[in-house]
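Q: Sharing work_3.pdb, PDB, C-alpha atoms, pLDDT in the B column:
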```
ATOM      1  CA  MET A1194     147.032 -62.722  67.159  1.00 54.00           C
ATOM      2  CA  SER A1195     147.801 -62.735  63.413  1.00 53.00           C
ATOM      3  CA  ASN A1196     146.455 -66.289  63.056  1.00 60.00           C
ATOM      4  CA  ASN A1197     143.187 -65.247  64.695  1.00 61.00           C
ATOM      5  CA  LEU A1198     142.959 -62.233  62.389  1.00 60.00           C
ATOM      6  CA  ASN A1199     143.573 -64.397  59.312  1.00 64.00           C
ATOM      7  CA  MET A1200     140.890 -66.830  60.470  1.00 56.00           C
ATOM      8  CA  GLN A1201     138.412 -63.981  60.964  1.00 60.00           C
ATOM      9  CA  ASN A1202     139.188 -62.597  57.492  1.00 60.00           C
ATOM     10  CA  ASN A1203     138.768 -66.020  55.883  1.00 60.00           C
ATOM     11  CA  ILE A1204     135.421 -66.537  57.617  1.00 61.00           C
ATOM     12  CA  ALA A1205     134.269 -63.069  56.574  1.00 59.00           C
ATOM     13  CA  LYS A1206     135.125 -63.879  52.938  1.00 68.00           C
ATOM     14  CA  LEU A1207     133.423 -67.263  53.218  1.00 69.00           C
ATOM     15  CA  LEU A1208     130.138 -65.730  54.384  1.00 70.00           C
ATOM     16  CA  ASP A1209     130.268 -62.534  52.295  1.00 71.00           C
ATOM     17  CA  GLY A1210     127.198 -62.278  50.071  1.00 73.00           C
ATOM     18  CA  VAL A1211     126.039 -65.836  50.747  1.00 78.00           C
ATOM     19  CA  ALA A1212     122.357 -66.431  50.058  1.00 81.00           C
ATOM     20  CA  VAL A1213     120.815 -68.168  53.063  1.00 88.00           C
ATOM     21  CA  GLU A1214     117.334 -69.640  53.085  1.00 92.00           C
ATOM     22  CA  TRP A1215     115.598 -70.425  56.372  1.00 95.00           C
ATOM     23  CA  LYS A1216     113.466 -73.560  56.572  1.00 96.00           C
ATOM     24  CA  PRO A1217     111.755 -75.587  59.296  1.00 97.00           C
ATOM     25  CA  LEU A1218     113.857 -78.571  60.319  1.00 97.00           C
ATOM     26  CA  GLY A1219     111.030 -80.895  59.292  1.00 97.00           C
ATOM     27  CA  GLU A1220     111.439 -79.816  55.650  1.00 97.00           C
ATOM     28  CA  VAL A1221     115.134 -80.702  55.387  1.00 97.00           C
ATOM     29  CA  ILE A1222     115.159 -84.123  57.063  1.00 98.00           C
ATOM     30  CA  LYS A1223     113.908 -87.546  56.019  1.00 97.00           C
ATOM     31  CA  SER A1224     112.725 -88.495  59.480  1.00 97.00           C
ATOM     32  CA  LEU A1225     112.939 -87.804  63.188  1.00 97.00           C
ATOM     33  CA  LYS A1226     112.743 -90.968  65.281  1.00 97.00           C
ATOM     34  CA  THR A1227     113.862 -92.250  68.671  1.00 97.00           C
ATOM     35  CA  GLY A1228     115.132 -95.390  70.351  1.00 96.00           C
ATOM     36  CA  LEU A1229     113.368 -97.725  72.748  1.00 96.00           C
ATOM     37  CA  ASN A1230     113.222 -98.165  76.520  1.00 95.00           C
ATOM     38  CA  PRO A1231     113.231-101.602  78.168  1.00 95.00           C
ATOM     39  CA  ARG A1232     109.852-101.594  79.949  1.00 91.00           C
ATOM     40  CA  ASN A1233     108.137-104.726  78.608  1.00 88.00           C
ATOM     41  CA  ASN A1234     110.305-104.848  75.486  1.00 92.00           C
ATOM     42  CA  PHE A1235     113.628-106.261  76.731  1.00 96.00           C
ATOM     43  CA  LYS A1236     115.976-106.403  79.729  1.00 96.00           C
ATOM     44  CA  LEU A1237     119.302-104.713  80.284  1.00 97.00           C
ATOM     45  CA  ASN A1238     122.551-106.452  81.193  1.00 97.00           C
ATOM     46  CA  THR A1239     121.394-110.025  80.665  1.00 97.00           C
ATOM     47  CA  SER A1240     123.974-112.826  80.604  1.00 96.00           C
ATOM     48  CA  ASP A1241     124.067-112.736  76.791  1.00 97.00           C
ATOM     49  CA  ALA A1242     124.206-108.926  76.509  1.00 97.00           C
ATOM     50  CA  MET A1243     127.177-107.941  74.331  1.00 97.00           C
ATOM     51  CA  ASN A1244     125.953-104.680  72.760  1.00 98.00           C
ATOM     52  CA  PHE A1245     125.918-101.149  74.176  1.00 98.00           C
ATOM     53  CA  TYR A1246     122.742 -99.294  75.158  1.00 98.00           C
ATOM     54  CA  ILE A1247     123.365 -95.600  74.527  1.00 97.00           C
ATOM     55  CA  THR A1248     121.774 -92.899  76.685  1.00 97.00           C
ATOM     56  CA  VAL A1249     122.399 -89.167  77.039  1.00 96.00           C
ATOM     57  CA  ARG A1250     125.358 -90.004  79.295  1.00 96.00           C
ATOM     58  CA  GLU A1251     127.284 -91.620  76.437  1.00 97.00           C
ATOM     59  CA  ILE A1252     126.959 -88.591  74.135  1.00 96.00           C
ATOM     60  CA  GLN A1253     130.111 -86.617  74.886  1.00 91.00           C
ATOM     61  CA  ASN A1254     131.772 -83.820  72.894  1.00 86.00           C
ATOM     62  CA  GLY A1255     129.979 -84.769  69.701  1.00 90.00           C
ATOM     63  CA  LYS A1256     130.882 -88.451  69.925  1.00 91.00           C
ATOM     64  CA  ILE A1257     129.503 -91.710  71.265  1.00 95.00           C
ATOM     65  CA  VAL A1258     131.658 -92.884  74.179  1.00 95.00           C
ATOM     66  CA  PHE A1259     131.293 -96.383  75.615  1.00 96.00           C
ATOM     67  CA  LEU A1260     131.796 -96.232  79.381  1.00 96.00           C
ATOM     68  CA  ASP A1261     132.435 -98.897  82.000  1.00 95.00           C
ATOM     69  CA  LYS A1262     128.972 -98.205  83.398  1.00 96.00           C
ATOM     70  CA  THR A1263     127.218 -98.225  80.015  1.00 97.00           C
ATOM     71  CA  ASP A1264     124.339-100.721  80.062  1.00 97.00           C
ATOM     72  CA  LYS A1265     124.342-103.604  77.605  1.00 98.00           C
ATOM     73  CA  ILE A1266     121.705-105.403  75.548  1.00 98.00           C
ATOM     74  CA  ASN A1267     121.571-108.705  73.694  1.00 97.00           C
ATOM     75  CA  ASN A1268     121.224-109.161  69.932  1.00 97.00           C
ATOM     76  CA  GLN A1269     117.462-109.591  70.084  1.00 97.00           C
ATOM     77  CA  ALA A1270     117.040-106.281  71.912  1.00 97.00           C
ATOM     78  CA  LEU A1271     119.464-104.610  69.511  1.00 97.00           C
ATOM     79  CA  GLU A1272     117.355-105.664  66.527  1.00 96.00           C
ATOM     80  CA  LEU A1273     114.148-104.641  68.283  1.00 97.00           C
ATOM     81  CA  ILE A1274     115.456-101.144  68.975  1.00 97.00           C
ATOM     82  CA  ASN A1275     116.853-100.727  65.483  1.00 96.00           C
ATOM     83  CA  ASN A1276     113.460-101.550  63.982  1.00 96.00           C
ATOM     84  CA  ARG A1277     112.396 -98.262  65.517  1.00 96.00           C
ATOM     85  CA  SER A1278     115.518 -96.096  65.280  1.00 97.00           C
ATOM     86  CA  ASN A1279     117.050 -97.418  62.021  1.00 96.00           C
ATOM     87  CA  LEU A1280     120.453 -95.897  62.730  1.00 97.00           C
ATOM     88  CA  GLU A1281     122.657 -95.168  59.712  1.00 97.00           C
ATOM     89  CA  ALA A1282     125.868 -93.318  58.892  1.00 97.00           C
ATOM     90  CA  GLY A1283     125.218 -89.588  58.636  1.00 97.00           C
ATOM     91  CA  ASP A1284     122.407 -89.601  61.179  1.00 98.00           C
ATOM     92  CA  ILE A1285     122.522 -87.075  64.008  1.00 98.00           C
ATOM     93  CA  LEU A1286     121.778 -88.079  67.581  1.00 98.00           C
ATOM     94  CA  PHE A1287     120.059 -85.406  69.675  1.00 98.00           C
ATOM     95  CA  SER A1288     119.237 -85.797  73.360  1.00 97.00           C
ATOM     96  CA  GLY A1289     115.577 -84.858  73.652  1.00 97.00           C
ATOM     97  CA  THR A1290     114.975 -85.605  77.339  1.00 95.00           C
ATOM     98  CA  GLY A1291     116.817 -84.884  80.578  1.00 93.00           C
ATOM     99  CA  THR A1292     119.857 -82.986  79.368  1.00 94.00           C
ATOM    100  CA  VAL A1293     118.378 -81.598  76.154  1.00 96.00           C
ATOM    101  CA  GLY A1294     120.562 -80.704  73.190  1.00 96.00           C
ATOM    102  CA  LYS A1295     123.627 -82.954  73.298  1.00 96.00           C
ATOM    103  CA  THR A1296     124.505 -84.056  69.761  1.00 96.00           C
ATOM    104  CA  ALA A1297     126.676 -86.540  67.899  1.00 96.00           C
ATOM    105  CA  VAL A1298     127.033 -87.490  64.239  1.00 97.00           C
ATOM    106  CA  ILE A1299     127.136 -91.213  63.409  1.00 97.00           C
ATOM    107  CA  ASP A1300     130.240 -91.874  61.280  1.00 94.00           C
ATOM    108  CA  GLU A1301     129.394 -95.455  60.266  1.00 95.00           C
ATOM    109  CA  LYS A1302     126.373 -97.714  60.602  1.00 95.00           C
ATOM    110  CA  PRO A1303     126.302 -99.071  64.178  1.00 96.00           C
ATOM    111  CA  LYS A1304     126.848-102.803  64.593  1.00 94.00           C
ATOM    112  CA  ASN A1305     127.019-103.229  68.367  1.00 96.00           C
ATOM    113  CA  TRP A1306     124.988-100.386  69.872  1.00 98.00           C
ATOM    114  CA  ASN A1307     121.680 -98.561  69.743  1.00 98.00           C
ATOM    115  CA  ILE A1308     119.817 -95.832  71.592  1.00 98.00           C
ATOM    116  CA  LYS A1309     117.237 -95.419  74.313  1.00 97.00           C
ATOM    117  CA  GLU A1310     113.929 -93.639  73.957  1.00 95.00           C
ATOM    118  CA  GLY A1311     114.534 -89.944  74.478  1.00 94.00           C
ATOM    119  CA  VAL A1312     117.639 -89.929  72.283  1.00 97.00           C
ATOM    120  CA  TYR A1313     116.381 -88.714  68.918  1.00 98.00           C
ATOM    121  CA  VAL A1314     117.821 -89.752  65.573  1.00 98.00           C
ATOM    122  CA  ILE A1315     117.657 -87.088  62.861  1.00 98.00           C
ATOM    123  CA  LYS A1316     118.153 -88.117  59.212  1.00 98.00           C
ATOM    124  CA  PRO A1317     119.103 -85.062  57.132  1.00 98.00           C
ATOM    125  CA  VAL A1318     118.382 -84.849  53.412  1.00 97.00           C
ATOM    126  CA  GLN A1319     122.043 -84.806  52.397  1.00 95.00           C
ATOM    127  CA  GLU A1320     121.322 -82.907  49.178  1.00 96.00           C
ATOM    128  CA  ILE A1321     120.046 -80.016  51.304  1.00 97.00           C
ATOM    129  CA  VAL A1322     121.909 -80.029  54.603  1.00 97.00           C
ATOM    130  CA  VAL A1323     125.273 -81.458  55.735  1.00 97.00           C
ATOM    131  CA  SER A1324     125.078 -83.612  58.870  1.00 97.00           C
ATOM    132  CA  LYS A1325     128.023 -82.063  60.692  1.00 95.00           C
ATOM    133  CA  TYR A1326     126.868 -78.550  59.848  1.00 95.00           C
ATOM    134  CA  LEU A1327     123.439 -79.322  61.272  1.00 96.00           C
ATOM    135  CA  SER A1328     124.980 -80.872  64.382  1.00 95.00           C
ATOM    136  CA  HIS A1329     127.045 -77.748  65.051  1.00 93.00           C
ATOM    137  CA  LEU A1330     123.984 -75.610  64.350  1.00 94.00           C
ATOM    138  CA  PHE A1331     122.054 -77.373  67.122  1.00 95.00           C
ATOM    139  CA  ASN A1332     124.706 -76.089  69.541  1.00 92.00           C
ATOM    140  CA  SER A1333     124.617 -72.486  68.334  1.00 92.00           C
ATOM    141  CA  LYS A1334     123.290 -69.841  70.696  1.00 92.00           C
ATOM    142  CA  TYR A1335     120.338 -68.860  68.496  1.00 93.00           C
ATOM    143  CA  ILE A1336     119.064 -72.407  67.886  1.00 94.00           C
ATOM    144  CA  VAL A1337     119.532 -73.381  71.550  1.00 95.00           C
ATOM    145  CA  ASN A1338     117.474 -70.339  72.560  1.00 94.00           C
ATOM    146  CA  GLU A1339     114.772 -71.280  70.061  1.00 95.00           C
ATOM    147  CA  TYR A1340     114.304 -74.891  71.081  1.00 96.00           C
ATOM    148  CA  SER A1341     114.663 -74.034  74.776  1.00 96.00           C
ATOM    149  CA  LYS A1342     111.356 -72.168  74.485  1.00 96.00           C
ATOM    150  CA  LYS A1343     109.693 -75.459  73.493  1.00 96.00           C
ATOM    151  CA  ILE A1344     110.954 -77.603  76.391  1.00 97.00           C
ATOM    152  CA  VAL A1345     108.233 -79.002  78.627  1.00 96.00           C
ATOM    153  CA  GLY A1346     107.898 -81.140  81.761  1.00 93.00           C
ATOM    154  CA  SER A1347     109.023 -81.192  85.369  1.00 89.00           C
ATOM    155  CA  PRO A1348     111.106 -82.553  86.982  1.00 90.00           C
ATOM    156  CA  VAL A1349     112.098 -84.541  83.873  1.00 91.00           C
ATOM    157  CA  ILE A1350     112.151 -82.154  80.944  1.00 96.00           C
ATOM    158  CA  SER A1351     111.844 -82.956  77.259  1.00 96.00           C
ATOM    159  CA  LEU A1352     111.671 -81.322  73.848  1.00 97.00           C
ATOM    160  CA  PRO A1353     108.733 -82.747  71.863  1.00 97.00           C
ATOM    161  CA  MET A1354     109.798 -84.008  68.436  1.00 97.00           C
ATOM    162  CA  SER A1355     106.896 -82.155  66.851  1.00 97.00           C
ATOM    163  CA  GLU A1356     108.271 -78.875  68.233  1.00 97.00           C
ATOM    164  CA  LEU A1357     111.838 -79.642  67.196  1.00 97.00           C
ATOM    165  CA  LYS A1358     110.647 -80.091  63.603  1.00 97.00           C
ATOM    166  CA  LYS A1359     109.282 -76.545  63.629  1.00 97.00           C
ATOM    167  CA  ILE A1360     112.615 -74.899  64.482  1.00 96.00           C
ATOM    168  CA  GLN A1361     113.717 -72.602  61.651  1.00 96.00           C
ATOM    169  CA  ILE A1362     117.298 -73.250  60.529  1.00 94.00           C
ATOM    170  CA  PRO A1363     119.554 -71.384  58.060  1.00 94.00           C
ATOM    171  CA  ILE A1364     120.466 -73.300  54.882  1.00 94.00           C
ATOM    172  CA  PRO A1365     123.455 -71.795  53.014  1.00 93.00           C
ATOM    173  CA  PRO A1366     124.876 -73.589  49.929  1.00 93.00           C
ATOM    174  CA  LEU A1367     126.285 -77.062  50.582  1.00 94.00           C
ATOM    175  CA  HIS A1368     129.929 -76.081  49.999  1.00 92.00           C
ATOM    176  CA  ILE A1369     129.554 -73.318  52.601  1.00 92.00           C
ATOM    177  CA  GLN A1370     128.002 -75.764  55.068  1.00 92.00           C
ATOM    178  CA  THR A1371     130.895 -78.176  54.514  1.00 93.00           C
ATOM    179  CA  GLU A1372     133.503 -75.475  55.126  1.00 91.00           C
ATOM    180  CA  ILE A1373     131.722 -74.193  58.237  1.00 90.00           C
ATOM    181  CA  ALA A1374     131.607 -77.743  59.628  1.00 92.00           C
ATOM    182  CA  ARG A1375     135.312 -78.247  58.805  1.00 91.00           C
ATOM    183  CA  ILE A1376     136.348 -75.079  60.654  1.00 89.00           C
ATOM    184  CA  LEU A1377     134.206 -75.855  63.694  1.00 89.00           C
ATOM    185  CA  ASP A1378     135.465 -79.465  63.774  1.00 88.00           C
ATOM    186  CA  ILE A1379     139.021 -78.120  64.022  1.00 88.00           C
ATOM    187  CA  PHE A1380     138.126 -75.970  67.021  1.00 86.00           C
ATOM    188  CA  THR A1381     136.239 -78.861  68.608  1.00 82.00           C
ATOM    189  CA  GLU A1382     139.287 -81.137  68.339  1.00 83.00           C
ATOM    190  CA  LEU A1383     141.599 -78.426  69.680  1.00 85.00           C
ATOM    191  CA  THR A1384     139.290 -77.831  72.635  1.00 83.00           C
ATOM    192  CA  ALA A1385     139.128 -81.572  73.387  1.00 79.00           C
ATOM    193  CA  GLU A1386     142.934 -81.859  73.227  1.00 83.00           C
ATOM    194  CA  LEU A1387     143.443 -78.859  75.522  1.00 87.00           C
ATOM    195  CA  THR A1388     140.859 -80.172  77.972  1.00 84.00           C
ATOM    196  CA  ALA A1389     142.612 -83.553  78.100  1.00 83.00           C
ATOM    197  CA  GLU A1390     146.025 -81.920  78.562  1.00 88.00           C
ATOM    198  CA  LEU A1391     144.787 -79.581  81.282  1.00 90.00           C
ATOM    199  CA  THR A1392     143.008 -82.410  83.069  1.00 88.00           C
ATOM    200  CA  ALA A1393     146.179 -84.532  83.017  1.00 89.00           C
ATOM    201  CA  GLU A1394     148.282 -81.583  84.202  1.00 90.00           C
ATOM    202  CA  LEU A1395     145.818 -80.794  86.982  1.00 89.00           C
ATOM    203  CA  THR A1396     145.809 -84.422  88.120  1.00 91.00           C
ATOM    204  CA  ALA A1397     149.626 -84.502  88.143  1.00 91.00           C
ATOM    205  CA  ARG A1398     149.842 -81.255  90.107  1.00 91.00           C
ATOM    206  CA  LYS A1399     147.284 -82.517  92.620  1.00 90.00           C
ATOM    207  CA  LYS A1400     149.309 -85.676  93.212  1.00 92.00           C
ATOM    208  CA  GLN A1401     152.470 -83.572  93.512  1.00 90.00           C
ATOM    209  CA  TYR A1402     150.790 -81.312  96.044  1.00 82.00           C
ATOM    210  CA  GLU A1403     149.563 -84.279  98.093  1.00 85.00           C
ATOM    211  CA  TYR A1404     153.048 -85.821  98.051  1.00 85.00           C
ATOM    212  CA  TYR A1405     154.793 -82.674  99.288  1.00 78.00           C
ATOM    213  CA  ARG A1406     152.015 -81.892 101.753  1.00 79.00           C
ATOM    214  CA  ASN A1407     152.447 -85.304 103.367  1.00 82.00           C
ATOM    215  CA  LEU A1408     156.230 -84.968 103.252  1.00 80.00           C
ATOM    216  CA  LEU A1409     156.374 -81.460 104.712  1.00 72.00           C
ATOM    217  CA  LEU A1410     153.764 -82.051 107.380  1.00 68.00           C
ATOM    218  CA  ASN A1411     155.060 -85.404 108.523  1.00 76.00           C
ATOM    219  CA  PHE A1412     156.645 -84.244 111.784  1.00 66.00           C
ATOM    220  CA  PRO A1413     158.044 -86.788 114.200  1.00 72.00           C
ATOM    221  CA  LYS A1414     155.799 -87.325 117.147  1.00 69.00           C
ATOM    222  CA  VAL A1415     157.243 -86.235 120.460  1.00 67.00           C
ATOM    223  CA  GLU A1416     156.783 -89.023 122.909  1.00 69.00           C
ATOM    224  CA  ASP A1417     155.684 -88.188 126.411  1.00 59.00           C
ATOM    225  CA  LYS A1418     158.360 -88.528 129.025  1.00 55.00           C
TER     226      LYS A1418
END
```
The structure given in the file should be rewritten as structure tokens.
A:
Amino acid sequence: MSNNLNMQNNIAKLLDGVAVEWKPLGEVIKSLKTGLNPRNNFKLNTSDAMNFYITVREIQNGKIVFLDKTDKINNQALELINNRSNLEAGDILFSGTGTVGKTAVIDEKPKNWNIKEGVYVIKPVQEIVVSKYLSHLFNSKYIVNEYSKKIVGSPVISLPMSELKKIQIPIPPLHIQTEIARILDIFTELTAELTAELTAELTARKKQYEYYRNLLLNFPKVEDK
């Protein structure tokens, strides 16, 4: 309880008297682009495909996760997609179609993967907004409510890039943004660790239950006389 209270006090001091300017997203980013779909451009999972083709499915808990079922592309397709997306370290990925709003920050320039159309790549102006702060902001209740009003389409939904650029976002000083991102990163890691531990514990308990269920209910069959 005392740790929670100390955290609340520290956050209150951090935000006390901070001047916050609100600006449209389009004014604090260099660009908002997207990836590329195969269609007539390239084919997935060819014999020479060694690179990963990232969709909404691979954006998990703020990170890019390569799965066994992740599609692959060859070097030619990789270059073709990157001519459009131009992925770099510090960029933010944002799922703009299907499951809208999943985010991840690119830590280093990708060498063996790129994104599909519908996964947006946001390039913040680093002198104005910190990438990780902006990524967390996209998951805040207020911003989610704002961009949810702009979602269109059925049954496949999407958030038009032109509408995303209009979303008003709060811009506190850079050092405040950095500290906010640091605090939220800590909670994100703790949540991921607890989820993994609970999942492992649940799996172990399920196996234990199945073992004892089979043991306790394995009665000898009475043969007919």
Q: For the file shown, what are the residues hit by the PyMOL selection byres ((chain A and resi 1211) around 9), laid out as a short mmCIF file (atom, residue, chain, number, x, y, z; two decimals) with C-alpha atoms, in the frame of the given file?
A:
```
data_model
loop_
_atom_site.label_atom_id
_atom_site.label_comp_id
_atom_site.auth_asym_id
_atom_site.auth_seq_id
_atom_site.Cartn_x
_atom_site.Cartn_y
_atom_site.Cartn_z
CA LEU A 1207 133.42 -67.26 53.22
CA LEU A 1208 130.14 -65.73 54.38
CA ASP A 1209 130.27 -62.53 52.30
CA GLY A 1210 127.20 -62.28 50.07
CA ALA A 1212 122.36 -66.43 50.06
CA VAL A 1213 120.82 -68.17 53.06
CA PRO A 1365 123.46 -71.80 53.01
CA PRO A 1366 124.88 -73.59 49.93
CA ILE A 1369 129.55 -73.32 52.60
#
```
Q: Nearest residue to Ala1270 of chain A out of A:Lys1400, A:Lys1236, A:Arg1250, A:Arg1406, using only C-alpha atoms?
A: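 With only C-alpha atoms as the atom set, the closest residue is A:Lys1236.
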Q: Tell me which residues the PyMOL selection byres ((chain A and resi 1273) around 12) grabs here, as a PyMOL selection string.
A: chain A and resi 1228-1231+1233-1236+1266-1272+1274-1279+1306-1309
Q: If you count all atoms listed in the file, which residues fall within 10 Å of Gln1370 of chain A, apart from same-chain ones fewer than 5 positions away, as a list in words?
A: Ile1321, Val1322, Val1323, Ser1324, Lys1325, Tyr1326, Leu1327, Pro1363, Ile1364, Pro1365 and Arg1375 of chain A
Q: Considering all atoms listed in the file, state which residue in the set A:Leu1260, A:Met1243, A:Leu1286, A:Ile1379 is at the smallest distance from Val1312 of chain A.
A: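 Once distances to Val1312 of chain A are computed over all atoms listed in the file, the minimum belongs to A:Leu1286.
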Q: Excluding same-chain residues fewer than 3 positions from segment 1332-1336 of chain A, what lies within 10 Å of it counting only C-alpha atoms, as a ChimeraX atom specification?
A: /A:1294-1296,1327-1329,1339-1341,1360-1363
Q: So which one's closest to Glu1310 of chain A, A:Leu1395, A:Ala1385, A:Ile1247, A:Ile1376? Using only C-alpha atoms, please.
A: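 When distances to Glu1310 of chain A are compared using only C-alpha atoms, the smallest one comes from A:Ile1247.
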Q: Provide the atom CA of Val1345 of chain A to atom CA of Lys1358 of chain A distance in Å, to one decimal place.
A: 15.3 Å
Q: Have a look at atom CA of Lys1226 of chain A and atom CA of Glu1382 of chain A and let me know their distance in Å, one decimal.
A: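 Atom-to-atom, atom CA of Lys1226 of chain A to atom CA of Glu1382 of chain A, that is 28.5 Å.
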Q: Taking the file as shown, find all residues satisfying the PyMOL selection byres ((chain A and resi 1298) around 12) and write them as a PyMOL selection string.
A: chain A and resi 1252-1257+1280-1287+1295-1297+1299-1303+1313-1317+1323-1329+1331+1374+1378
Q: Point out the residue among A:Asp1241, A:Val1337, A:Leu1357, A:Ser1351 with the least atom-to-atom distance to Leu1218 of chain A, counting only C-alpha atoms.
A: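 Ranking A:Asp1241, A:Val1337, A:Leu1357, A:Ser1351 by distance to Leu1218 of chain A, first place goes to A:Leu1357.
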Q: Mind giving me the straight-line distance from atom CA of Leu1377 of chain A to atom CA of Asp1261 of chain A in Å, one decimal?
A: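 Atom-to-atom, atom CA of Leu1377 of chain A to atom CA of Asp1261 of chain A, that is 29.5 Å.
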